[in-house]
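Quick look at work_32.cif (mmCIF, C-alpha atoms and all ligand atoms):
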data_start
loop_
_atom_site.label_atom_id
_atom_site.label_comp_id
_atom_site.auth_asym_id
_atom_site.auth_seq_id
_atom_site.Cartn_x
_atom_site.Cartn_y
_atom_site.Cartn_z
CA MET A 1263 12.69 -19.25 -5.59
CA HIS A 1264 11.36 -18.98 -2.02
CA SER A 1265 10.11 -15.46 -1.56
CA ILE A 1266 10.11 -13.48 1.67
CA ASP A 1267 7.21 -11.07 1.65
CA PHE A 1268 7.67 -8.11 3.96
CA ARG A 1269 4.87 -6.06 2.35
CA SER A 1270 2.17 -6.92 4.89
CA ASP A 1271 0.84 -9.50 7.31
CA THR A 1272 -2.20 -9.58 5.03
CA LYS A 1273 -0.03 -11.66 2.67
CA THR A 1274 -0.16 -14.64 5.05
CA LEU A 1275 -1.60 -17.86 3.65
CA PRO A 1276 -3.83 -20.19 5.68
CA THR A 1277 -2.08 -22.94 7.65
CA PRO A 1278 -2.57 -26.61 6.64
CA GLU A 1279 -4.84 -27.01 9.69
CA MET A 1280 -7.00 -24.12 8.48
CA ARG A 1281 -7.32 -25.66 5.01
CA GLU A 1282 -8.41 -28.93 6.59
CA ALA A 1283 -10.88 -27.14 8.89
CA ILE A 1284 -12.36 -25.34 5.87
CA ARG A 1285 -12.82 -28.71 4.11
CA LEU A 1286 -14.61 -30.25 7.06
CA ALA A 1287 -16.56 -27.22 8.33
CA ASP A 1288 -20.12 -27.67 9.60
CA LEU A 1289 -22.22 -25.23 7.59
CA GLY A 1290 -25.63 -23.57 7.63
CA ASP A 1291 -27.30 -20.31 6.62
CA ASP A 1292 -25.67 -17.65 8.75
CA VAL A 1293 -28.20 -14.97 7.81
CA GLY A 1294 -30.63 -17.06 9.85
CA GLY A 1295 -28.01 -17.66 12.55
CA GLU A 1296 -27.79 -21.33 11.53
CA ASP A 1297 -24.12 -21.76 10.71
CA PRO A 1298 -22.57 -23.70 13.61
CA SER A 1299 -19.02 -22.75 12.64
CA VAL A 1300 -19.82 -19.03 12.55
CA ASN A 1301 -21.71 -19.28 15.84
CA ARG A 1302 -18.71 -20.97 17.44
CA LEU A 1303 -16.24 -18.42 16.06
CA GLU A 1304 -18.39 -15.52 17.25
CA SER A 1305 -18.69 -16.95 20.77
CA MET A 1306 -14.94 -17.60 20.94
CA ALA A 1307 -14.19 -14.06 19.77
CA ALA A 1308 -16.60 -12.53 22.27
CA GLU A 1309 -15.09 -14.58 25.08
CA MET A 1310 -11.48 -13.78 24.17
CA LEU A 1311 -12.30 -10.06 24.03
CA GLY A 1312 -14.41 -10.18 27.21
CA LYS A 1313 -17.52 -8.89 25.43
CA GLU A 1314 -21.09 -10.20 25.39
CA ALA A 1315 -21.26 -10.84 21.65
CA ALA A 1316 -19.40 -10.70 18.35
CA VAL A 1317 -20.33 -10.68 14.67
CA LEU A 1318 -18.26 -11.87 11.72
CA MET A 1319 -17.37 -9.23 9.16
CA THR A 1320 -15.81 -9.54 5.74
CA SER A 1321 -12.92 -7.24 6.65
CA GLY A 1322 -11.52 -4.88 9.24
CA THR A 1323 -12.72 -1.98 7.15
CA MET A 1324 -16.26 -3.32 7.28
CA GLY A 1325 -16.06 -3.88 11.06
CA ASN A 1326 -14.96 -0.28 11.60
CA LEU A 1327 -17.48 1.08 9.10
CA ILE A 1328 -20.36 -0.71 10.78
CA ALA A 1329 -19.18 0.39 14.23
CA LEU A 1330 -19.17 4.01 13.10
CA LEU A 1331 -22.57 3.69 11.40
CA MET A 1332 -24.05 2.08 14.51
CA HIS A 1333 -22.74 4.69 16.90
CA CYS A 1334 -23.33 7.79 14.74
CA LYS A 1335 -26.30 8.89 12.67
CA LYS A 1336 -26.06 11.30 9.71
CA GLY A 1337 -24.54 14.60 10.75
CA GLU A 1338 -23.15 13.22 14.02
CA GLN A 1339 -19.47 13.40 14.85
CA ALA A 1340 -16.85 10.70 15.40
CA ILE A 1341 -13.53 11.75 16.89
CA ILE A 1342 -10.68 9.80 15.28
CA GLY A 1343 -6.88 9.97 15.18
CA ASP A 1344 -5.41 11.87 12.24
CA ARG A 1345 -3.03 8.98 11.51
CA SER A 1346 -5.61 6.27 12.13
CA HIS A 1347 -6.45 3.61 9.56
CA ILE A 1348 -10.11 4.61 9.75
CA TYR A 1349 -9.26 8.18 8.78
CA ILE A 1350 -6.54 7.48 6.22
CA GLY A 1351 -7.09 4.02 4.83
CA GLU A 1352 -10.80 3.18 4.67
CA GLY A 1353 -12.06 5.38 1.85
CA GLY A 1354 -13.92 7.74 4.18
CA GLY A 1355 -16.65 5.07 4.23
CA ALA A 1356 -18.70 6.22 7.22
CA SER A 1357 -18.70 9.76 5.89
CA ALA A 1358 -19.56 8.72 2.31
CA LEU A 1359 -22.17 6.12 3.19
CA GLY A 1360 -23.52 7.33 6.51
CA GLY A 1361 -22.99 11.09 6.61
CA VAL A 1362 -20.78 10.72 9.70
CA VAL A 1363 -18.71 13.83 10.41
CA TYR A 1364 -15.07 12.89 11.04
CA ARG A 1365 -13.24 15.09 13.51
CA ALA A 1366 -9.54 14.26 13.27
CA VAL A 1367 -7.33 14.88 16.30
CA PRO A 1368 -3.54 14.39 16.35
CA ASN A 1369 -2.08 10.96 17.03
CA ASP A 1370 1.30 11.21 18.72
CA ASP A 1371 4.27 8.98 17.86
CA ARG A 1372 2.78 6.10 19.85
CA GLY A 1373 -0.68 6.43 18.36
CA MET A 1374 -1.99 8.03 21.56
CA ILE A 1375 -4.33 11.01 21.50
CA ASP A 1376 -3.87 13.89 23.90
CA LEU A 1377 -6.83 14.15 26.28
CA ASN A 1378 -7.03 17.92 25.87
CA ASP A 1379 -7.35 17.49 22.11
CA ILE A 1380 -10.24 15.11 22.70
CA ARG A 1381 -11.87 17.52 25.17
CA ARG A 1382 -11.59 20.34 22.65
CA ALA A 1383 -13.08 18.15 19.91
CA ILE A 1384 -16.13 17.06 21.92
CA ASN A 1385 -18.89 19.41 20.88
CA PRO A 1386 -21.19 21.21 23.29
CA ARG A 1387 -24.71 19.76 23.22
CA THR A 1388 -26.43 22.60 21.44
CA GLY A 1389 -28.20 22.56 18.07
CA PHE A 1390 -25.31 24.40 16.50
CA PHE A 1391 -22.76 21.57 16.46
CA PRO A 1392 -22.67 18.02 15.12
CA PRO A 1393 -23.29 15.95 18.29
CA THR A 1394 -20.23 13.91 19.30
CA ARG A 1395 -21.28 10.27 19.36
CA LEU A 1396 -18.00 8.35 19.22
CA ILE A 1397 -14.32 8.39 20.10
CA SER A 1398 -12.21 5.89 18.20
CA ILE A 1399 -8.66 4.73 18.91
CA GLU A 1400 -6.34 2.15 17.29
CA ASN A 1401 -4.12 -0.47 18.98
CA THR A 1402 -1.57 -1.50 17.76
CA HIS A 1403 -1.27 1.64 15.69
CA ASN A 1404 -0.34 0.87 12.11
CA ASN A 1405 0.81 4.25 10.85
CA VAL A 1406 3.15 4.93 13.76
CA GLY A 1407 4.99 1.63 13.39
CA GLY A 1408 2.82 -0.92 15.18
CA MET A 1409 3.29 0.68 18.57
CA VAL A 1410 1.19 -0.42 21.50
CA LEU A 1411 -1.18 1.52 23.74
CA THR A 1412 -1.01 0.13 27.27
CA SER A 1413 -3.96 -0.67 29.53
CA GLU A 1414 -3.28 2.63 31.29
CA ASP A 1415 -3.46 4.54 27.98
CA MET A 1416 -6.73 2.82 27.18
CA GLU A 1417 -8.10 3.53 30.66
CA VAL A 1418 -7.44 7.27 30.51
CA ILE A 1419 -9.16 7.64 27.15
CA ALA A 1420 -12.05 5.47 28.30
CA GLY A 1421 -12.32 7.56 31.49
CA LEU A 1422 -12.70 10.71 29.41
CA ALA A 1423 -15.21 9.03 27.10
CA LYS A 1424 -17.28 8.04 30.15
CA GLU A 1425 -17.05 11.52 31.62
CA TYR A 1426 -18.67 12.90 28.45
CA GLU A 1427 -20.93 9.84 27.97
CA VAL A 1428 -19.49 9.17 24.52
CA PRO A 1429 -18.94 5.52 23.47
CA LEU A 1430 -15.41 4.33 22.72
CA HIS A 1431 -14.58 2.21 19.65
CA LEU A 1432 -11.27 0.42 19.28
CA ASP A 1433 -9.82 -0.48 15.89
CA GLY A 1434 -7.96 -3.50 17.21
CA ALA A 1435 -7.07 -4.96 13.82
CA ARG A 1436 -3.86 -6.19 15.53
CA ILE A 1437 -5.09 -6.22 19.14
CA PHE A 1438 -3.58 -9.66 19.79
CA ASN A 1439 -0.15 -8.30 18.80
CA ALA A 1440 -0.65 -5.62 21.45
CA ALA A 1441 -1.82 -8.12 24.07
CA VAL A 1442 1.05 -10.51 23.37
CA TYR A 1443 3.56 -7.65 23.52
CA LEU A 1444 2.17 -6.53 26.89
CA GLY A 1445 1.82 -10.10 28.15
CA ILE A 1446 -1.80 -9.60 29.18
CA PRO A 1447 -5.09 -11.09 27.96
CA ALA A 1448 -6.69 -9.13 25.11
CA ALA A 1449 -9.89 -8.95 27.21
CA LYS A 1450 -8.07 -6.94 29.85
CA LEU A 1451 -6.65 -4.53 27.31
CA VAL A 1452 -10.02 -3.81 25.65
CA LYS A 1453 -12.20 -3.94 28.75
CA ASP A 1454 -13.20 -0.26 28.56
CA ALA A 1455 -13.99 -0.14 24.84
CA ASP A 1456 -17.68 -0.33 23.94
CA THR A 1457 -16.97 -1.91 20.57
CA VAL A 1458 -13.82 -3.55 19.19
CA THR A 1459 -12.87 -4.70 15.70
CA PHE A 1460 -10.09 -7.26 15.25
CA CYS A 1461 -8.81 -9.08 12.19
CA LEU A 1462 -8.31 -12.78 11.56
CA SER A 1463 -6.63 -12.17 8.23
CA LYS A 1464 -3.45 -10.39 9.30
CA GLY A 1465 -0.96 -11.90 11.77
CA LEU A 1466 -3.45 -14.64 12.66
CA SER A 1467 -3.15 -15.85 9.04
CA ALA A 1468 -6.75 -16.77 8.29
CA PRO A 1469 -7.71 -16.06 4.68
CA VAL A 1470 -10.70 -13.78 5.37
CA GLY A 1471 -12.56 -12.12 8.18
CA SER A 1472 -12.73 -9.75 11.10
CA LEU A 1473 -14.94 -9.67 14.18
CA LEU A 1474 -16.81 -6.76 15.69
CA CYS A 1475 -17.35 -7.30 19.41
CA GLY A 1476 -19.47 -5.47 21.99
CA THR A 1477 -22.64 -5.73 24.05
CA ALA A 1478 -25.36 -8.09 22.81
CA GLU A 1479 -27.51 -5.06 22.02
CA ALA A 1480 -24.74 -3.34 20.01
CA ILE A 1481 -24.01 -6.51 18.06
CA ASP A 1482 -27.69 -6.97 17.23
CA ARG A 1483 -27.66 -3.49 15.72
CA ALA A 1484 -24.40 -4.27 13.91
CA ARG A 1485 -26.03 -7.33 12.31
CA ARG A 1486 -28.84 -5.14 11.02
CA VAL A 1487 -26.39 -2.63 9.51
CA ARG A 1488 -24.34 -5.50 8.03
CA LYS A 1489 -27.48 -6.83 6.34
CA MET A 1490 -28.34 -3.35 5.03
CA LEU A 1491 -24.90 -3.15 3.44
CA GLY A 1492 -25.49 -6.46 1.70
CA ALA A 1493 -22.86 -8.26 3.73
CA GLY A 1494 -25.05 -10.90 5.38
CA MET A 1495 -23.31 -14.08 4.25
CA ARG A 1496 -24.82 -17.55 3.91
CA GLN A 1497 -22.73 -20.75 4.42
CA VAL A 1498 -19.87 -18.67 5.69
CA GLY A 1499 -18.65 -21.36 8.06
CA VAL A 1500 -16.00 -22.01 5.38
CA ILE A 1501 -14.44 -18.74 6.51
CA ALA A 1502 -15.25 -19.14 10.19
CA ALA A 1503 -13.62 -22.58 10.32
CA ALA A 1504 -10.24 -21.06 9.49
CA GLY A 1505 -10.91 -18.25 11.96
CA ILE A 1506 -11.48 -20.76 14.76
CA VAL A 1507 -8.09 -22.36 14.02
CA ALA A 1508 -6.57 -18.87 13.95
CA LEU A 1509 -7.88 -18.07 17.44
CA GLU A 1510 -6.90 -21.49 18.78
CA THR A 1511 -3.41 -21.76 17.35
CA MET A 1512 -2.06 -18.47 16.04
CA VAL A 1513 -2.30 -15.97 18.88
CA GLU A 1514 0.62 -16.96 21.12
CA ARG A 1515 2.96 -17.43 18.17
CA LEU A 1516 2.70 -13.70 17.37
CA ALA A 1517 5.58 -13.43 19.85
CA ASP A 1518 7.79 -15.09 17.20
CA ASP A 1519 6.87 -12.37 14.71
CA HIS A 1520 7.81 -9.74 17.28
CA LEU A 1521 11.17 -11.43 17.91
CA ASN A 1522 11.80 -11.62 14.17
CA ALA A 1523 10.89 -7.95 13.83
CA ARG A 1524 13.49 -7.04 16.44
CA ARG A 1525 16.09 -9.30 14.80
CA LEU A 1526 15.33 -7.59 11.48
CA ALA A 1527 15.56 -4.11 13.03
CA GLY A 1528 18.92 -4.98 14.61
CA GLY A 1529 20.28 -6.14 11.25
CA LEU A 1530 18.88 -3.18 9.32
CA SER A 1531 20.51 -0.78 11.78
CA GLN A 1532 23.92 -2.07 10.60
CA ILE A 1533 23.25 -1.39 6.91
CA PRO A 1534 24.56 1.89 5.48
CA GLY A 1535 21.71 3.91 3.93
CA ILE A 1536 19.20 2.80 6.57
CA THR A 1537 18.17 4.79 9.62
CA ILE A 1538 16.03 3.00 12.16
CA GLU A 1539 14.92 3.64 15.72
CA GLN A 1540 15.11 0.11 17.07
CA ASP A 1541 13.39 0.92 20.34
CA ARG A 1542 10.23 1.77 18.40
CA VAL A 1543 9.94 -1.80 17.13
CA GLN A 1544 7.48 -3.34 19.59
CA THR A 1545 5.39 -5.71 17.51
CA ASN A 1546 5.52 -6.96 13.91
CA LEU A 1547 5.89 -3.67 12.04
CA VAL A 1548 9.36 -2.31 11.30
CA PHE A 1549 9.58 1.29 10.05
CA PHE A 1550 12.81 2.90 8.80
CA GLN A 1551 14.15 5.62 6.54
CA VAL A 1552 16.23 4.82 3.47
CA ASN A 1553 18.81 6.83 1.63
CA VAL A 1554 19.73 5.21 -1.71
CA ARG A 1555 20.16 6.35 -5.30
CA SER A 1556 16.97 4.91 -6.73
CA GLN A 1557 14.29 3.42 -4.49
CA ASP A 1558 12.42 1.92 -7.44
CA GLU A 1559 15.48 0.04 -8.63
CA VAL A 1560 16.30 -1.12 -5.10
CA VAL A 1561 12.78 -2.51 -4.70
CA CYS A 1562 13.11 -4.26 -8.05
CA ARG A 1563 16.56 -5.73 -7.24
CA LEU A 1564 15.35 -6.98 -3.85
CA GLY A 1565 12.41 -8.62 -5.59
CA GLN A 1566 14.76 -10.38 -8.01
CA GLU A 1567 16.50 -11.88 -4.97
CA GLY A 1568 13.17 -13.03 -3.50
CA VAL A 1569 12.71 -10.20 -0.99
CA LYS A 1570 9.38 -8.45 -1.61
CA VAL A 1571 9.03 -4.98 -0.16
CA LEU A 1572 6.98 -1.82 -0.58
CA GLY A 1573 9.23 1.12 -1.42
CA ASN A 1574 9.16 4.50 -3.05
CA ARG A 1575 8.05 6.36 0.05
CA PRO A 1576 9.99 8.32 2.69
CA THR A 1577 9.46 5.70 5.38
CA TRP A 1578 9.63 2.04 4.50
CA ARG A 1579 7.52 -0.50 6.38
CA PHE A 1580 8.49 -4.17 6.68
CA VAL A 1581 6.04 -6.55 8.33
CA THR A 1582 6.96 -9.88 9.91
CA HIS A 1583 4.44 -12.71 10.00
CA TYR A 1584 3.77 -16.43 9.97
CA GLY A 1585 5.25 -16.77 6.46
CA ILE A 1586 8.68 -15.48 7.57
CA THR A 1587 11.15 -17.46 9.68
CA SER A 1588 14.25 -16.27 11.52
CA ASN A 1589 16.38 -17.88 8.76
CA ASP A 1590 14.42 -15.82 6.24
CA ILE A 1591 15.30 -12.70 8.22
CA ASP A 1592 19.01 -13.56 8.06
CA TYR A 1593 18.85 -14.29 4.33
CA ALA A 1594 16.91 -11.07 3.67
CA LEU A 1595 19.40 -9.00 5.68
CA ASP A 1596 22.27 -10.35 3.52
CA VAL A 1597 20.37 -9.49 0.36
CA ILE A 1598 19.38 -6.01 1.60
CA ASP A 1599 22.95 -5.32 2.68
CA SER A 1600 24.39 -6.15 -0.74
CA VAL A 1601 21.66 -4.37 -2.72
CA PHE A 1602 21.97 -1.24 -0.58
CA LYS A 1603 25.76 -1.27 -1.15
CA GLU A 1604 25.11 -1.44 -4.90
CA PHE A 1605 22.81 1.60 -4.71
CA ALA A 1606 24.58 3.60 -2.01
CA SER A 1607 24.07 7.32 -2.65
C1 LIG B 1701 -5.14 -0.77 11.87
C2 LIG B 1701 -5.97 -1.31 10.75
N1 LIG B 1701 -7.29 -1.24 10.84
C3 LIG B 1701 -8.10 -1.73 9.89
C4 LIG B 1701 -7.56 -2.32 8.77
C5 LIG B 1701 -8.51 -2.80 7.69
O1 LIG B 1701 -8.52 -4.18 7.57
P1 LIG B 1701 -8.99 -4.85 6.18
O2 LIG B 1701 -7.82 -4.78 5.27
O3 LIG B 1701 -9.34 -6.25 6.60
O4 LIG B 1701 -10.15 -4.10 5.68
C6 LIG B 1701 -6.18 -2.41 8.62
C7 LIG B 1701 -5.60 -3.06 7.42
O5 LIG B 1701 -4.41 -3.09 7.21
C8 LIG B 1701 -5.36 -1.89 9.64
O6 LIG B 1701 -4.02 -1.94 9.56
#

Reformat the file's structure so that it appears as C-alpha cells.
Amino acid sequence: MHSIDFRSDTKTLPTPEMREAIRLADLGDDVGGEDPSVNRLESMAAEMLGKEAAVLMTSGTMGNLIALLMHCKKGEQAIIGDRSHIYIGEGGGASALGGVVYRAVPNDDRGMIDLNDIRRAINPRTGFFPPTRLISIENTHNNVGGMVLTSEDMEVIAGLAKEYEVPLHLDGARIFNAAVYLGIPAAKLVKDADTVTFCLSKGLSAPVGSLLCGTAEAIDRARRVRKMLGAGMRQVGVIAAAGIVALETMVERLADDHLNARRLAGGLSQIPGITIEQDRVQTNLVFFQVNVRSQDEVVCRLGQEGVKVLGNRPTWRFVTHYGITSNDIDYALDVIDSVFKEFAS
C-alpha cells in the first residue's frame, strides 16, 4: 500500500537525480578541503544565503551546536526562544558540551521574541553576570506551526543585537520555506544574521546534511570546532552531491508543499473532532487540535489505511513535503474523515 507520511519532512527520500548525482560524485578528502563536491555545495550555499562562506554539517543540530560553541565560551550566555528547537529539541548540547548558559525568553505565537524581553535578558558587562554573547532566533519556527518571521521582524531583532554588539544566529532549518512563502531571496531574509544554519534533509529532500553559513572568519572557526567534535568527514562528496541537486532543483517547489498544506488545512477544518486555525498555516507545517475517543487507536487506524501520523499529544502536527502529492492529500482527508467519525467522542 502507498503510504502518506505526515510525520515530518525529514521522512523525504532522495530524488532519482540525487541518487544519480551520488553515484557519479567527484570525491576527495574533505578534511583537507579536497572534495570538489563539498567545495561546490559550500560555495553554492554561501552564495544563496549571501554569506562569505559555508561549511557542511552532519545535521541541523550540529550546525546550531557549533554556532553556539563558536560564539560563546564556557559560562557565557546565549539568549534563545523558549519554544525554539535549540532550547527544546537539541539535547541541551551547547550547555552540556560547552558550558554555554542558555537564557530562554518567550517566543510568541509567530516565533517572534519581544524586544523588551531581549533587552532584559542581555546582561550588564560586569563580572557578576554571564556575558551575553549570542542572540538566536528561528525561521520558520517549528514549534509554533511553521510560521514565518518577515524581513522586518529579522531587521528589528538584528538592530537590537547590533545596538548591544551581540552576534545574531539564525536557526534557519527551513529558511527556504520562509523565503518562498515571502517571495524573496533567502539572502535578503538572512542578511542581518551573523551565522545561519539551514537543512538539506528536510523539505529539500536530500538524505543528509545541513550548512552553517557566515563570514569566512566565522566559518574557519566552525571548521575547527567541527573537527574537535569528531565530525570532520572524508569523502563526503557523496552527501554533498545530493545537496547540490537539492539546492538546484528543490527550493522553488516548496511552494507546492505550502499549497498542499493549505489544501490539507481546509479539508481538516471540515472534519468533526478537529479544530484548526487555517490562517496560521503559512508553510508546510499544519497544527491542529483533536477531540476523539482514543488518540492511540486513531493513529493506529490511520496507519492501517496508509496515513502515517504522530499523535497522542494535545496538538497534532502534519507536515507536507516532496513525498506527498495533492491527490495524496485528498485521499488522506477521506481516510481521516471516516476514521474520526468512527472515533467521535
Ligand atoms: C527548526 C529546527 N532546527 C533544527 C533542527 C535539527 O535538525 P536535525 O534533525 O538535522 O538535527 C530541526 C529538526 O527538525 C528543526 O525543526

Mind listing the residues within 6 Å of ligand LIG 1701 (chain B), only C-alpha atoms and all ligand atoms counted, as a VMD selection string?
chain A and resid 1321 to 1323 1347 1403 to 1404 1433 1435

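Atom pair atom CA of A:Arg1269 / atom CA of A:Gly1445 has a distance of 26.3 Å (rounded to one decimal).
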
Please report as a tab-separated table every residue of stretch 1459-1564 of chain A lying within 12 Å of stretch 1362-1380 of chain A, along with the nearest atom pair and their distance in Å (one decimal), using all atoms listed in the file.
residue	atom	partner	partner_atom	distance
A:Asp1541	CA	A:Arg1372	CA	11.8
A:Arg1542	CA	A:Arg1372	CA	8.7
A:Val1543	CA	A:Arg1372	CA	11.0
A:Gln1544	CA	A:Arg1372	CA	10.5

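For the atom pair formed by atom CA of A:Arg1345 and atom CA of A:Ser1531, the distance is 25.5 Å, given to one decimal.
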
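Minimum distance to A:Cys1461 across A:Gly1568, A:Gly1353, A:Pro1447, A:Gly1434 (counting all atoms listed in the file) occurs at A:Gly1434.
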
When you look at A:Lys1273 with a cut-off of 10 Å (counting only C-alpha atoms), what residues show up, excluding the ones that are within fewer than 5 positions of it in the same chain? I need them as a PyMOL selection string.
chain A and resi 1267-1268+1463-1465+1467+1469+1581+1583-1585

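Atom CA of A:Arg1524 sits 16.5 Å away from atom CA of A:Ile1266.
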
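Using only C-alpha atoms, the smallest distance between any of A:Pro1534, A:Leu1564, A:Asp1590, A:Met1306 and A:Ala1606 comes from A:Pro1534.
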
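Taking all atoms listed in the file into account, the residues near (-22.0, -23.7, 12.4), no farther than 7 Å, are A:Asp1288, A:Leu1289, A:Gly1290, A:Glu1296, A:Asp1297, A:Pro1298, A:Ser1299, A:Val1300, A:Asn1301, A:Arg1302, A:Gly1499.
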
Missing atoms of stretch 1443-1467 of chain A rebuilt to N, CA and C atoms, written as a CSV table (one decimal), in the coordinates of the input:
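Done, and the output landed in selection06.csv:
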chain,number,residue,atom,x,y,z
A,1443,TYR,N,2.4,-8.5,23.2
A,1443,TYR,CA,3.6,-7.6,23.5
A,1443,TYR,C,3.5,-7.3,25.0
A,1444,LEU,N,2.3,-7.0,25.5
A,1444,LEU,CA,2.2,-6.5,26.9
A,1444,LEU,C,2.1,-7.7,27.9
A,1445,GLY,N,1.9,-8.9,27.3
A,1445,GLY,CA,1.8,-10.1,28.2
A,1445,GLY,C,0.6,-10.1,29.0
A,1446,ILE,N,-0.5,-9.6,28.4
A,1446,ILE,CA,-1.8,-9.6,29.2
A,1446,ILE,C,-2.9,-10.1,28.3
A,1447,PRO,N,-4.0,-10.6,28.8
A,1447,PRO,CA,-5.1,-11.1,28.0
A,1447,PRO,C,-5.7,-9.9,27.2
A,1448,ALA,N,-6.1,-10.2,25.9
A,1448,ALA,CA,-6.7,-9.1,25.1
A,1448,ALA,C,-7.9,-8.5,25.8
A,1449,ALA,N,-8.7,-9.4,26.5
A,1449,ALA,CA,-9.9,-9.0,27.2
A,1449,ALA,C,-9.6,-7.8,28.2
A,1450,LYS,N,-8.4,-8.0,28.9
A,1450,LYS,CA,-8.1,-6.9,29.8
A,1450,LYS,C,-7.8,-5.6,29.1
A,1451,LEU,N,-7.1,-5.7,28.0
A,1451,LEU,CA,-6.6,-4.5,27.3
A,1451,LEU,C,-7.8,-3.8,26.7
A,1452,VAL,N,-8.9,-4.5,26.3
A,1452,VAL,CA,-10.0,-3.8,25.6
A,1452,VAL,C,-11.2,-3.6,26.6
A,1453,LYS,N,-11.0,-3.9,27.9
A,1453,LYS,CA,-12.2,-3.9,28.8
A,1453,LYS,C,-13.1,-2.7,28.7
A,1454,ASP,N,-12.4,-1.5,28.5
A,1454,ASP,CA,-13.2,-0.3,28.6
A,1454,ASP,C,-13.7,0.2,27.2
A,1455,ALA,N,-13.5,-0.5,26.2
A,1455,ALA,CA,-14.0,-0.1,24.8
A,1455,ALA,C,-15.4,-0.7,24.7
A,1456,ASP,N,-16.3,0.1,24.1
A,1456,ASP,CA,-17.7,-0.3,23.9
A,1456,ASP,C,-17.8,-1.3,22.8
A,1457,THR,N,-17.0,-1.0,21.7
A,1457,THR,CA,-17.0,-1.9,20.6
A,1457,THR,C,-15.5,-2.1,20.1
A,1458,VAL,N,-15.2,-3.3,19.6
A,1458,VAL,CA,-13.8,-3.6,19.2
A,1458,VAL,C,-13.9,-4.3,17.9
A,1459,THR,N,-13.1,-3.9,16.9
A,1459,THR,CA,-12.9,-4.7,15.7
A,1459,THR,C,-11.5,-5.4,15.8
A,1460,PHE,N,-11.4,-6.7,15.4
A,1460,PHE,CA,-10.1,-7.3,15.2
A,1460,PHE,C,-10.1,-8.2,14.0
A,1461,CYS,N,-8.9,-8.4,13.5
A,1461,CYS,CA,-8.8,-9.1,12.2
A,1461,CYS,C,-8.2,-10.5,12.4
A,1462,LEU,N,-8.8,-11.4,11.6
A,1462,LEU,CA,-8.3,-12.8,11.6
A,1462,LEU,C,-7.3,-12.9,10.4
A,1463,SER,N,-7.3,-12.0,9.5
A,1463,SER,CA,-6.6,-12.2,8.2
A,1463,SER,C,-5.3,-11.5,8.2
A,1464,LYS,N,-4.8,-11.0,9.3
A,1464,LYS,CA,-3.4,-10.4,9.3
A,1464,LYS,C,-2.5,-11.4,10.0
A,1465,GLY,N,-1.9,-11.0,11.1
A,1465,GLY,CA,-1.0,-11.9,11.8
A,1465,GLY,C,-1.5,-13.3,12.1
A,1466,LEU,N,-2.9,-13.3,12.3
A,1466,LEU,CA,-3.4,-14.6,12.7
A,1466,LEU,C,-3.6,-15.6,11.4
A,1467,SER,N,-3.4,-15.0,10.3
A,1467,SER,CA,-3.2,-15.8,9.0
A,1467,SER,C,-4.4,-16.5,8.5
